[in-house]
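**Student:** Shown below is the structure under consideration.
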4 protein chains.
Amino acid sequence: MSDKINRVVLAYSGGLDTSVILKWLQQEYQCEVVTFTADLGQGEELEPARQKALNAGVKPEHIFIDDLKEEFVRDFVFPMMRANALYEGLYLLGTSIARPLISKRLIEIAKEVNADAVSHGATGKGNDQVRFELSAYALNPDIKVIAPWREWDLTSRTKLIEFAEQHQIQVTKDKRGESPFSTDANLLHTSSEGKVLEDPWDETPDYVYSRTVNPEDAPDTPEYITVDFEKGDGIALNGEAMSPATLLAALNELGRKHGIGRLDLVENRFVGMKSRGMYETPGGTIYHLAHRGIESITLDRGAAHLKDEWAPRYAEMVYNGFWFAPEREMMQAAIDHSQQKVAGTVRLKLYKGSASVVGRKSPYSLYSEKVVTFEDDQGAYDQRDAAGFIKLNALRLRLLGRRED
Amino acid sequence: MSDKINRVVLAYSGGLDTSVILKWLQQEYQCEVVTFTADLGQGEELEPARQKALNAGVKPEHIFIDDLKEEFVRDFVFPMMRANALYEGLYLLGTSIARPLISKRLIEIAKEVNADAVSHGATGKGNDQVRFELSAYALNPDIKVIAPWREWDLTSRTKLIEFAEQHQIQVTKDKRGESPFSTDANLLHTSSEGKVLEDPWDETPDYVYSRTVNPEDAPDTPEYITVDFEKGDGIALNGEAMSPATLLAALNELGRKHGIGRLDLVENRFVGMKSRGMYETPGGTIYHLAHRGIESITLDRGAAHLKDEWAPRYAEMVYNGFWFAPEREMMQAAIDHSQQKVAGTVRLKLYKGSASVVGRKSPYSLYSEKVVTFEDDQGAYDQRDAAGFIKLNALRLRLLGRRED
Amino acid sequence: MSDKINRVVLAYSGGLDTSVILKWLQQEYQCEVVTFTADLGQGEELEPARQKALNAGVKPEHIFIDDLKEEFVRDFVFPMMRANALYEGLYLLGTSIARPLISKRLIEIAKEVNADAVSHGATGKGNDQVRFELSAYALNPDIKVIAPWREWDLTSRTKLIEFAEQHQIQVTKDKRGESPFSTDANLLHTSSEGKVLEDPWDETPDYVYSRTVNPEDAPDTPEYITVDFEKGDGIALNGEAMSPATLLAALNELGRKHGIGRLDLVENRFVGMKSRGMYETPGGTIYHLAHRGIESITLDRGAAHLKDEWAPRYAEMVYNGFWFAPEREMMQAAIDHSQQKVAGTVRLKLYKGSASVVGRKSPYSLYSEKVVTFEDDQGAYDQRDAAGFIKLNALRLRLLGRRED
Amino acid sequence: MSDKINRVVLAYSGGLDTSVILKWLQQEYQCEVVTFTADLGQGEELEPARQKALNAGVKPEHIFIDDLKEEFVRDFVFPMMRANALYEGLYLLGTSIARPLISKRLIEIAKEVNADAVSHGATGKGNDQVRFELSAYALNPDIKVIAPWREWDLTSRTKLIEFAEQHQIQVTKDKRGESPFSTDANLLHTSSEGKVLEDPWDETPDYVYSRTVNPEDAPDTPEYITVDFEKGDGIALNGEAMSPATLLAALNELGRKHGIGRLDLVENRFVGMKSRGMYETPGGTIYHLAHRGIESITLDRGAAHLKDEWAPRYAEMVYNGFWFAPEREMMQAAIDHSQQKVAGTVRLKLYKGSASVVGRKSPYSLYSEKVVTFEDDQGAYDQRDAAGFIKLNALRLRLLGRRED
């Protein structure tokens, strides 16, 4: 980054790390820093970030604090859920899906305030740097990106805290000792990585979990809920219409209560290494299952199987940071096309760590009791057709079998 | 089937339906019937089938009762589990995977006794007829297949029972009323379909479950277990070496106790309709998760993601009955190739309906604490490499972004 | 087909086979026959079909002769070409793509004239019966389909001709002897199958070809042409704007002249057997290459590679007759989404059987001479980024390599 | 590369660039250089490289000149051809496939001579650096790689030549002016890039081609040849048994004579940019078609379609340099499994730029004239089976059609 930076928009949480970055950017680049703090439902007060930014010399009109919860769920989480995306079979991509939205706002703000760069606090080993930057470059190919963790020499916690203290940055007590793990949170999930989690043989200690009760402490009685869908998206809980973010928040509350959505995973990062993470996705886990449930009666097999085959790749694209990439957008166009009649109601049972679909109904149901019944179907299906169906499906195998002789 | 049949091998359970079929074949085809009864771990006494067959006039040397449990798990269940196959994202294929083995034995016996046909009791609406027959034709292209349900006029339960009574076939009391659902069982799972399950909005009644306790009745204390793997297959439980079938049986016992592996699903049949099924796969559910767990530290990302992308198609092949088809065998060759170092130990927690991986270790682990650590990695990974990695991954998106302007 | 048919719409060419079918339907089903004759650019006079239908007793208002050439190319050929679909790597699907359109019109006419069935002249061994009928059922699930070749006993050429003579159906001289092969033609291609082509070791005799000159007889001088594209579709030839069908016809003329688009293939039919066909797709071959050419500079790699991976499946769907199926429509939505900026001009060289792209340009080109140049690129690309790019791509392979030691 | 290098193995052609690199390595790294010159069939004398290396001070025992032609074709080209791999639908991967072999030998030699690094002359903008280095790292995770083009300041031709002259490196006359394009050659192909080819609208000038005659200058009479296959690999030409490299060389001669295998392409590089290349793959083009030809009669549809779906991804892996990666090896295992009975003879016609399959036969043919014939097949295929086949394939579409109403 040899070029002179005049103004940089920083993804700023107000925490220790991004506070250090703020100061470091001002010093190192001799540039004006604009802060952007997003409310993605992480459950923290954001106003303190404003005061900290002011204290650090950021101009009031350069402090952006935005509530992006609805946009996050409506334009990022729900489209991804339409794809039934699971990274490596299990992970609901809660961190991955938030990054492109943050970058989108960084770039919008950069345009608004005429900044020439954006900056973030992601480290050089993780996926988030990739997600932030790919999105930023896709949305503004001429933007400059400053990733302090890849540039500076504050390579240990001690040095970081020294820097903070030298610059009157408040260091809370819990940050002084080695924090046992690092977390990321938004309306979809909370993730934890590092430190006490680094040995994949050790069970995740209970204190790492923050979004869900331990299943063992969850209610002894199951709870039944319904989720309504329209065009592949959730629109109501227990019959009550809700906005996307409100619905997800309400499902989170249910998931928390019943200890649903904990995942302990060793995953493959895009940067080439394996890492061990712990994820809590309470509402998202319920929603994912509910969406599969409503699809099960409304989606044709051809569409459903194509979606199933694509889901791992779609998940990989989101995980790797290629949200604003043509291949993700193409797939999304196809998936959205399939969701036109994915509508109806799913009933789920929540109990001590599990969510299970127990019923589903839809005005667009393709399930036909008349066709499927073991009883007399009055001609809806001619069993003799099956003979021909099998014979022709077998033909190539028989020709092959003859050759083998 | 105009040609004269001399001798037919029937997949015979000794139950009402196949007893009727036995008699009907003798009458309708004026042919000798050979019975084959497989022990696939369905948990029923098989010797009564011998007596019934004798009573029906089958020659003693034409009654085959085979214990196929080890072959079933070793050569069918485990290879499928290596693929992490889930049909439509959820179903562990317990019924599907048993069919090709039954057909394999039918064809072997047909050769042994010089029979010209095989027969089975699957209906004309289901997938099982397809699975039985595709396998049979693949293994012997000249075999004749008799599917009585597609041929006869015993189209209602009443007619079937009348036929049974006319021919001194024993009809147990519970068969007289309309049985509320039909089931299939083997060492991997028990499935239930039809009748009381036909409305997909209605919750599966508790009496349908037979292989697992209700999670609510499961122990209040979690249980921890370990499973050891070698070349992608389970070899030990809690450190004790076990044969494939013994291991699966032991996991079934654990799964039963903790209420694990219940699945209520609307699925798409190969014959073109949607059906609603209830599955209990106690041990298989635990095993599937354990296998993913050991892969997570021993399988390279490239191999893992390819497997993830293939899994839905592999599952579709098994579900549709194409086990003995070149495309399944090709995929299996690739998957098996990937499993050479999928070895080590997985630790799981079982609790009230859930199984979760909580630890994994392996002599072949690709997880490198040294590389992934947030702490100083002493040069194992150069964070500045990430900048170039991102830049080149972003290049095409930036060129695209420039065009969009 | 036990139910009474009142009125049936027949896909009617006026040739011997469909004339026999017309009469047979009238006799066998005692029903009114409505004829539909489509001009798909097969290059035959269609008015004689009207007279023949009248002679056979079809009511004048029940004779439909439609020019579908523009609809064919615009709504079927071009969308398929956007996918770069090649069946089994080579076949441009000329027959397959015409079937759904014919079925679409059959169903529309059936609605118009209140018919309860449709009928076609495809045999029971081929793919066309499947394509016709899947499309018909998809567009009208209650339609009845009569496929005389699967029903009647006119199982040999001799019987067919006897039937024709008994019913005053004109049999041209060339139909009397065994015709050496059967053909299908439309604006996209001519196919030939059967008889003299049945031994796949024998070279296709020259007299089988009808749409292209023998390359050896083509001009000794190459011809250069340009094709312009807009949103993935051809819009002009040599700078002259043309409608879809006009453009394809003009390319056909060029292809014919230069002997382009001959293909001798053994292919796998959906009904399970291998067959040997000869195809001539003169204009389509040129168009396919031109489309790839314009995509090569306007389509991003991510989109292009996804399309390449999907193309075989898309082709399979079209070949198997699943045009009006959700999975094809989903894929089309994605593909069409990718084509928004596939625009510009491709220059091709035509010479003695070959078409080659020799130049391409576009206002939306993603090709950047500035970035790619071997010369000094003035900072457009930093070669040192490549080191990091390689290092992180190699990381997993190195970790794997360490394990192997 | 801060660490001290003691000995480096350089992929050395003896040309200007690698001669400059040799000297630069000696100077810059103060290390011993070991040269490796591979005969991959590029058609150049290699002994002059020995003398030049000696002149540059390389020890005689540190000069490696290996004939790798047979290994190249047997272990790299043929396995790739089994996959029918075409990058972006058209490119036969001639450059890509040679890189892993060169790296393999570099690593072997490094072990032999106890070197700690390898070096190559690929630039920082191309794919070859990636291919060389990914292979090197996969085979020896601890190897160091020196890529002078990414490190030095010889950033222009003029500087390079100055350096050469300062160090008594011979500069041939044609290297002094700006060479109009750069080339790479081996037994499979010759590629040309850069300079006069950089505008993708300009037709490739005739003087760029070196491996094929202009089709217009090719013989006016077609030539017919046969290629024999065994287990998916070519074994004979015109009935004469040949080793892999001999066969490919003989096909090259035929391709050259008939002007076959020229390709002008804009492709997407792994490093993120589009580039325009010209490829000549005379023998490979013929071989690729011949292999498809023999597969067409010996490969089952299920296997063939899976291979077709995988081919683009396999090609991408090879193109991107992931030859020694688990995902390529997995796919190869599957593909090789499919080739067991891909054996027989293909007949091709070569004429003025085109190769076409005109006949194929095999002892393992799955093509059954008896089944496919339009004539009476004596019961080999029951046309009525098709009705049931279609009905069940249509069932889901009909259920869908009913919903749409």
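In the structure tokens, chains take the letters A, B, ... in the order shown, each chain's residues start at 1, and ligands count up from 1 in the order shown.
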I need the chain A residues near chain D as a list in words; criterion: at most 6 Å, counting only C-alpha atoms.
**Tutor:**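 The selection requested is Asp385, Ala386, Gly388 and Phe389 of chain A.
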**Student:** Could you save the residues just selected, with all heavy atoms, as an mmCIF file, in the first residue's frame?
**Tutor:**
```
data_model
loop_
_atom_site.group_PDB
_atom_site.id
_atom_site.type_symbol
_atom_site.label_atom_id
_atom_site.label_comp_id
_atom_site.auth_asym_id
_atom_site.auth_seq_id
_atom_site.Cartn_x
_atom_site.Cartn_y
_atom_site.Cartn_z
ATOM 1 N N ASP A 385 -47.580 -50.013 -14.931
ATOM 2 C CA ASP A 385 -46.604 -49.096 -15.532
ATOM 3 C C ASP A 385 -45.212 -49.320 -14.963
ATOM 4 O O ASP A 385 -44.203 -49.103 -15.642
ATOM 5 C CB ASP A 385 -47.012 -47.638 -15.286
ATOM 6 C CG ASP A 385 -48.201 -47.220 -16.135
ATOM 7 O OD1 ASP A 385 -48.454 -47.875 -17.171
ATOM 8 O OD2 ASP A 385 -48.876 -46.243 -15.770
ATOM 9 N N ALA A 386 -45.193 -49.717 -13.700
ATOM 10 C CA ALA A 386 -43.897 -49.901 -13.047
ATOM 11 C C ALA A 386 -43.060 -50.960 -13.754
ATOM 12 O O ALA A 386 -41.831 -50.862 -13.803
ATOM 13 C CB ALA A 386 -44.080 -50.257 -11.577
ATOM 14 N N GLY A 388 -42.807 -51.662 -16.960
ATOM 15 C CA GLY A 388 -42.117 -51.062 -18.093
ATOM 16 C C GLY A 388 -41.037 -50.093 -17.650
ATOM 17 O O GLY A 388 -39.938 -50.040 -18.210
ATOM 18 N N PHE A 389 -41.378 -49.335 -16.629
ATOM 19 C CA PHE A 389 -40.413 -48.376 -16.066
ATOM 20 C C PHE A 389 -39.130 -49.090 -15.652
ATOM 21 O O PHE A 389 -38.017 -48.675 -15.979
ATOM 22 C CB PHE A 389 -41.062 -47.698 -14.862
ATOM 23 C CG PHE A 389 -40.199 -46.689 -14.156
ATOM 24 C CD1 PHE A 389 -39.919 -45.459 -14.745
ATOM 25 C CD2 PHE A 389 -39.690 -46.946 -12.893
ATOM 26 C CE1 PHE A 389 -39.149 -44.516 -14.079
ATOM 27 C CE2 PHE A 389 -38.912 -46.009 -12.230
ATOM 28 C CZ PHE A 389 -38.641 -44.793 -12.826
#
```
**Student:** With DSSP run on the backbone, what are the helix (DSSP H, G or I) residues within region 95-229 of chain B? I'd like them as JSON, numbers by chain.
**Tutor:** {"B": [96, 97, 98, 99, 100, 101, 102, 103, 104, 105, 106, 107, 108, 109, 110, 111, 112, 113, 128, 129, 130, 131, 132, 133, 134, 135, 136, 137, 138, 139, 148, 149, 150, 151, 157, 158, 159, 160, 161, 162, 163, 164, 165, 166, 173, 174, 175, 176, 195, 196, 197, 206, 207, 208, 215, 216, 217]}
**Student:** Would you kindly return, as a list in words, each protein, DNA or RNA residue with an atom no farther than 6 Å from any atom of region 99-101 of chain C, considering only C-alpha atoms and excluding same-chain residues fewer than 2 positions away?
**Tutor:**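 Listing them by chain and then by number gives Ser96, Ile97, Ser103, Lys104, Arg131, Phe132 and Ser135 of chain C.
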**Student:** Kindly save the residues from that selection, with C-alpha atoms included, as an mmCIF file, in the first residue's frame.
**Tutor:**
```cif
data_model
loop_
_atom_site.group_PDB
_atom_site.id
_atom_site.type_symbol
_atom_site.label_atom_id
_atom_site.label_comp_id
_atom_site.auth_asym_id
_atom_site.auth_seq_id
_atom_site.Cartn_x
_atom_site.Cartn_y
_atom_site.Cartn_z
ATOM 1 C CA SER C 96 -34.663 -33.349 -29.138
ATOM 2 C CA ILE C 97 -35.287 -29.622 -29.031
ATOM 3 C CA SER C 103 -46.209 -31.063 -27.992
ATOM 4 C CA LYS C 104 -46.898 -27.543 -26.846
ATOM 5 C CA ARG C 131 -40.053 -36.284 -25.404
ATOM 6 C CA PHE C 132 -43.504 -35.877 -26.967
ATOM 7 C CA SER C 135 -44.054 -32.501 -22.657
#
```
**Student:** Would you mind telling me which residue in C:Phe322, C:Tyr351, C:Trp201, C:Tyr314 lies nearest to Pro219 (chain C) when using only C-alpha atoms?
**Tutor:**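 Smallest distance to Pro219 (chain C) is found for C:Tyr351.
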**Student:** Report as a ChimeraX atom specification all protein, DNA and RNA residues lying within 9 Å of region 74-91 of chain B, evaluated on only C-alpha atoms, omitting residues in the same chain fewer than 5 positions from it.
**Tutor:** /A:292,296,304-305,308 /B:69,97-98,100-101,188,232-234,243-245,263,265,267-268,279,284,287-289,291-292,307-308,310-316,318-319,331-332,335-336,339
**Student:** Just N, CA and C atoms for this one: save the residues we selected as a compact mmCIF listing (two decimals), in the first residue's frame.
**Tutor:**
```
# COMPACT_ATOMS: atom_id res chain seq x y z
N ARG A 292 -36.58 -26.96 4.81
CA ARG A 292 -36.54 -28.29 4.16
C ARG A 292 -37.91 -28.95 4.26
N SER A 296 -40.28 -30.09 1.20
CA SER A 296 -40.51 -31.52 0.98
C SER A 296 -41.88 -31.81 0.38
N ALA A 304 -35.77 -30.30 -6.51
CA ALA A 304 -35.21 -30.57 -5.18
C ALA A 304 -33.84 -31.23 -5.28
N HIS A 305 -33.72 -32.18 -6.19
CA HIS A 305 -32.44 -32.88 -6.30
C HIS A 305 -31.36 -31.98 -6.89
N ASP A 308 -30.23 -29.94 -4.09
CA ASP A 308 -29.38 -30.72 -3.18
C ASP A 308 -27.97 -30.88 -3.74
N LYS B 69 -25.87 -60.62 8.02
CA LYS B 69 -25.64 -59.38 8.76
C LYS B 69 -24.25 -58.79 8.53
N ILE B 97 -30.56 -49.69 0.97
CA ILE B 97 -29.26 -50.35 0.91
C ILE B 97 -29.37 -51.86 1.13
N ALA B 98 -30.50 -52.32 1.68
CA ALA B 98 -30.66 -53.76 1.91
C ALA B 98 -31.08 -54.50 0.64
N PRO B 100 -30.25 -54.43 -2.68
CA PRO B 100 -29.30 -55.08 -3.60
C PRO B 100 -28.69 -56.35 -3.03
N LEU B 101 -28.50 -56.41 -1.73
CA LEU B 101 -27.92 -57.63 -1.15
C LEU B 101 -28.91 -58.79 -1.26
N LEU B 188 -29.77 -51.76 9.99
CA LEU B 188 -29.54 -50.32 9.89
C LEU B 188 -30.74 -49.50 10.34
N GLY B 232 -11.66 -45.47 6.87
CA GLY B 232 -13.01 -44.97 6.67
C GLY B 232 -14.11 -45.81 7.27
N ASP B 233 -13.75 -46.94 7.89
CA ASP B 233 -14.77 -47.82 8.48
C ASP B 233 -14.60 -47.91 9.99
N GLY B 234 -15.72 -48.03 10.67
CA GLY B 234 -15.70 -48.19 12.12
C GLY B 234 -15.11 -49.54 12.49
N SER B 243 -16.58 -56.40 14.97
CA SER B 243 -16.87 -56.61 13.55
C SER B 243 -17.89 -55.55 13.12
N PRO B 244 -18.02 -55.33 11.81
CA PRO B 244 -18.98 -54.33 11.34
C PRO B 244 -20.38 -54.52 11.93
N ALA B 245 -20.94 -55.71 11.80
CA ALA B 245 -22.32 -55.90 12.27
C ALA B 245 -22.42 -55.77 13.79
N LEU B 263 -36.71 -40.06 12.31
CA LEU B 263 -36.86 -39.12 11.20
C LEU B 263 -38.25 -39.26 10.60
N LEU B 265 -40.33 -37.89 7.48
CA LEU B 265 -39.91 -37.31 6.21
C LEU B 265 -40.98 -37.46 5.13
N GLU B 267 -40.72 -37.73 1.25
CA GLU B 267 -39.64 -37.93 0.29
C GLU B 267 -40.19 -38.15 -1.11
N ASN B 268 -39.30 -38.03 -2.10
CA ASN B 268 -39.69 -38.23 -3.49
C ASN B 268 -39.28 -39.62 -3.94
N TYR B 279 -38.64 -43.06 9.81
CA TYR B 279 -37.47 -43.91 9.88
C TYR B 279 -36.85 -43.85 11.27
N GLY B 284 -27.05 -46.03 12.98
CA GLY B 284 -26.60 -45.41 11.74
C GLY B 284 -26.45 -43.90 11.87
N TYR B 287 -23.30 -43.34 13.75
CA TYR B 287 -22.16 -43.71 12.90
C TYR B 287 -21.88 -42.66 11.83
N HIS B 288 -22.95 -42.20 11.19
CA HIS B 288 -22.83 -41.17 10.16
C HIS B 288 -22.11 -39.93 10.71
N LEU B 289 -22.53 -39.48 11.87
CA LEU B 289 -21.90 -38.30 12.46
C LEU B 289 -20.45 -38.58 12.84
N HIS B 291 -18.48 -40.70 11.43
CA HIS B 291 -17.68 -40.75 10.21
C HIS B 291 -17.33 -39.36 9.71
N ARG B 292 -18.32 -38.49 9.71
CA ARG B 292 -18.03 -37.09 9.33
C ARG B 292 -16.99 -36.51 10.27
N LYS B 307 -16.43 -34.98 -2.28
CA LYS B 307 -17.35 -35.95 -1.68
C LYS B 307 -18.69 -35.29 -1.32
N ASP B 308 -18.62 -34.11 -0.75
CA ASP B 308 -19.86 -33.43 -0.40
C ASP B 308 -20.72 -33.15 -1.63
N TRP B 310 -20.74 -34.85 -4.34
CA TRP B 310 -21.22 -36.11 -4.93
C TRP B 310 -22.27 -36.80 -4.07
N ALA B 311 -22.25 -36.51 -2.77
CA ALA B 311 -23.08 -37.30 -1.86
C ALA B 311 -24.56 -37.34 -2.26
N PRO B 312 -25.15 -36.20 -2.67
CA PRO B 312 -26.57 -36.29 -3.04
C PRO B 312 -26.81 -37.23 -4.23
N ARG B 313 -25.91 -37.21 -5.18
CA ARG B 313 -26.08 -38.08 -6.35
C ARG B 313 -25.86 -39.55 -5.98
N TYR B 314 -24.85 -39.77 -5.17
CA TYR B 314 -24.61 -41.13 -4.70
C TYR B 314 -25.86 -41.65 -3.97
N ALA B 315 -26.40 -40.81 -3.10
CA ALA B 315 -27.59 -41.20 -2.36
C ALA B 315 -28.76 -41.49 -3.31
N GLU B 316 -28.89 -40.69 -4.32
CA GLU B 316 -29.95 -40.89 -5.30
C GLU B 316 -29.77 -42.23 -6.01
N VAL B 318 -28.34 -44.93 -4.82
CA VAL B 318 -28.70 -46.00 -3.90
C VAL B 318 -30.21 -46.05 -3.72
N TYR B 319 -30.80 -44.89 -3.55
CA TYR B 319 -32.24 -44.82 -3.33
C TYR B 319 -33.00 -45.39 -4.54
N MET B 331 -18.09 -44.06 -8.61
CA MET B 331 -18.05 -43.13 -7.47
C MET B 331 -17.46 -43.80 -6.25
N GLN B 332 -17.82 -45.06 -6.05
CA GLN B 332 -17.30 -45.79 -4.90
C GLN B 332 -15.78 -45.91 -4.98
N ILE B 335 -14.40 -42.67 -3.87
CA ILE B 335 -14.62 -42.45 -2.44
C ILE B 335 -13.69 -43.35 -1.64
N ASP B 336 -13.62 -44.60 -2.00
CA ASP B 336 -12.74 -45.52 -1.27
C ASP B 336 -11.29 -45.03 -1.34
N GLN B 339 -10.40 -42.68 1.36
CA GLN B 339 -10.56 -43.09 2.76
C GLN B 339 -9.33 -43.76 3.35
```
